[in-house]
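Structure record follows, encoded as structure tokens.
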Amino acid sequence: MKLTLVVDTEDPKGIADSFKIIKHFHAQNVGVPLSAQVKFTKIPFIKLLRSFAKAAKEAEKGGEDSDSLRFCKVFAEKEFAKHDDGLRR
């Protein structure tokens with residue numbers, strides 16, 4: 001089965017309805033539900049915290065402020081890019 005979905009970007013309700021259709025077919029055919037939430041189990045979260053602490057220490061050595069929102073944002077974006085396989089888990 002093939003499905004072509006045309007989305008009118010000027011129709012917010014149509015976009016929401018299109019997303020519902022995609023979610024349905026994705027869950028039915030891939031089996032992994034699409035989610036906008038990021039979920040961690042304990043061990044991966046601890047590893048993430050360790051890598052953040054290490055990056056913060058390195059940044060402080062270089063004179064960067066590791067408490068800044070920018071530093072946290074850049075770190076988070078790099079982590080998401082590393083682990084983004086198209087399915088947020």
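Residues are named by chain letter and number: chains run A, B, ... in the order of the structure tokens, numbers start at 1 in each chain, and ligands are numbered from 1 in the order shown.
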
**OP:** Tell me, as a PyMOL selection string, which residues lie within 8 Å of region 66-68 of chain A, counting only C-alpha atoms; anything in the same chain fewer than 6 positions away does not count.
**Re:** chain A and resi 56-57+59-60

**OP:** Apply DSSP to the structure's backbone, then extract all residues of chain A labelled alpha helix (DSSP H) and return them as a PyMOL selection string.
**Re:** chain A and resi 12-29+42-61+69-83

Keeping only C-alpha atoms, write the selected residues to a file as a CSV table (one decimal), in the first residue's frame.
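Result went into out-v4.csv, see below:
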chain,number,residue,atom,x,y,z
A,12,PRO,CA,-3.5,24.4,10.7
A,13,LYS,CA,-6.4,22.0,11.3
A,14,GLY,CA,-5.4,20.2,8.1
A,15,ILE,CA,-1.8,19.9,9.3
A,16,ALA,CA,-3.0,18.4,12.6
A,17,ASP,CA,-5.3,16.0,10.8
A,18,SER,CA,-2.4,14.9,8.5
A,19,PHE,CA,-0.2,14.3,11.5
A,20,LYS,CA,-2.9,12.0,13.0
A,21,ILE,CA,-3.0,10.0,9.7
A,22,ILE,CA,0.8,9.7,9.7
A,23,LYS,CA,0.8,8.6,13.3
A,24,HIS,CA,-1.8,6.0,12.6
A,25,PHE,CA,0.1,4.5,9.7
A,26,HIS,CA,3.4,4.7,11.4
A,27,ALA,CA,2.1,2.8,14.5
A,28,GLN,CA,0.4,0.3,12.3
A,29,ASN,CA,3.4,-0.4,10.0
A,42,LYS,CA,18.1,5.5,34.5
A,43,ILE,CA,21.5,4.2,33.1
A,44,PRO,CA,21.5,6.3,29.8
A,45,PHE,CA,20.4,9.3,31.8
A,46,ILE,CA,23.3,8.9,34.3
A,47,LYS,CA,25.7,8.5,31.3
A,48,LEU,CA,24.3,11.7,29.8
A,49,LEU,CA,24.9,13.5,33.1
A,50,ARG,CA,28.5,12.3,33.2
A,51,SER,CA,29.2,13.5,29.7
A,52,PHE,CA,27.6,16.8,30.5
A,53,ALA,CA,29.8,17.2,33.6
A,54,LYS,CA,32.9,16.3,31.6
A,55,ALA,CA,32.0,18.8,28.8
A,56,ALA,CA,31.3,21.5,31.5
A,57,LYS,CA,34.8,20.9,33.1
A,58,GLU,CA,36.4,21.2,29.7
A,59,ALA,CA,34.5,24.4,28.9
A,60,GLU,CA,35.5,25.9,32.3
A,61,LYS,CA,39.2,25.2,31.5
A,69,LEU,CA,21.8,28.7,28.9
A,70,ARG,CA,23.8,28.8,25.6
A,71,PHE,CA,26.3,26.1,26.8
A,72,CYS,CA,23.4,23.8,27.9
A,73,LYS,CA,21.5,24.4,24.6
A,74,VAL,CA,24.5,23.6,22.5
A,75,PHE,CA,25.3,20.5,24.5
A,76,ALA,CA,21.7,19.3,24.2
A,77,GLU,CA,21.6,19.9,20.5
A,78,LYS,CA,24.7,17.9,20.0
A,79,GLU,CA,23.3,15.0,22.1
A,80,PHE,CA,20.0,15.0,20.2
A,81,ALA,CA,21.9,15.0,16.8
A,82,LYS,CA,24.0,12.1,18.0
A,83,HIS,CA,21.1,10.0,19.0
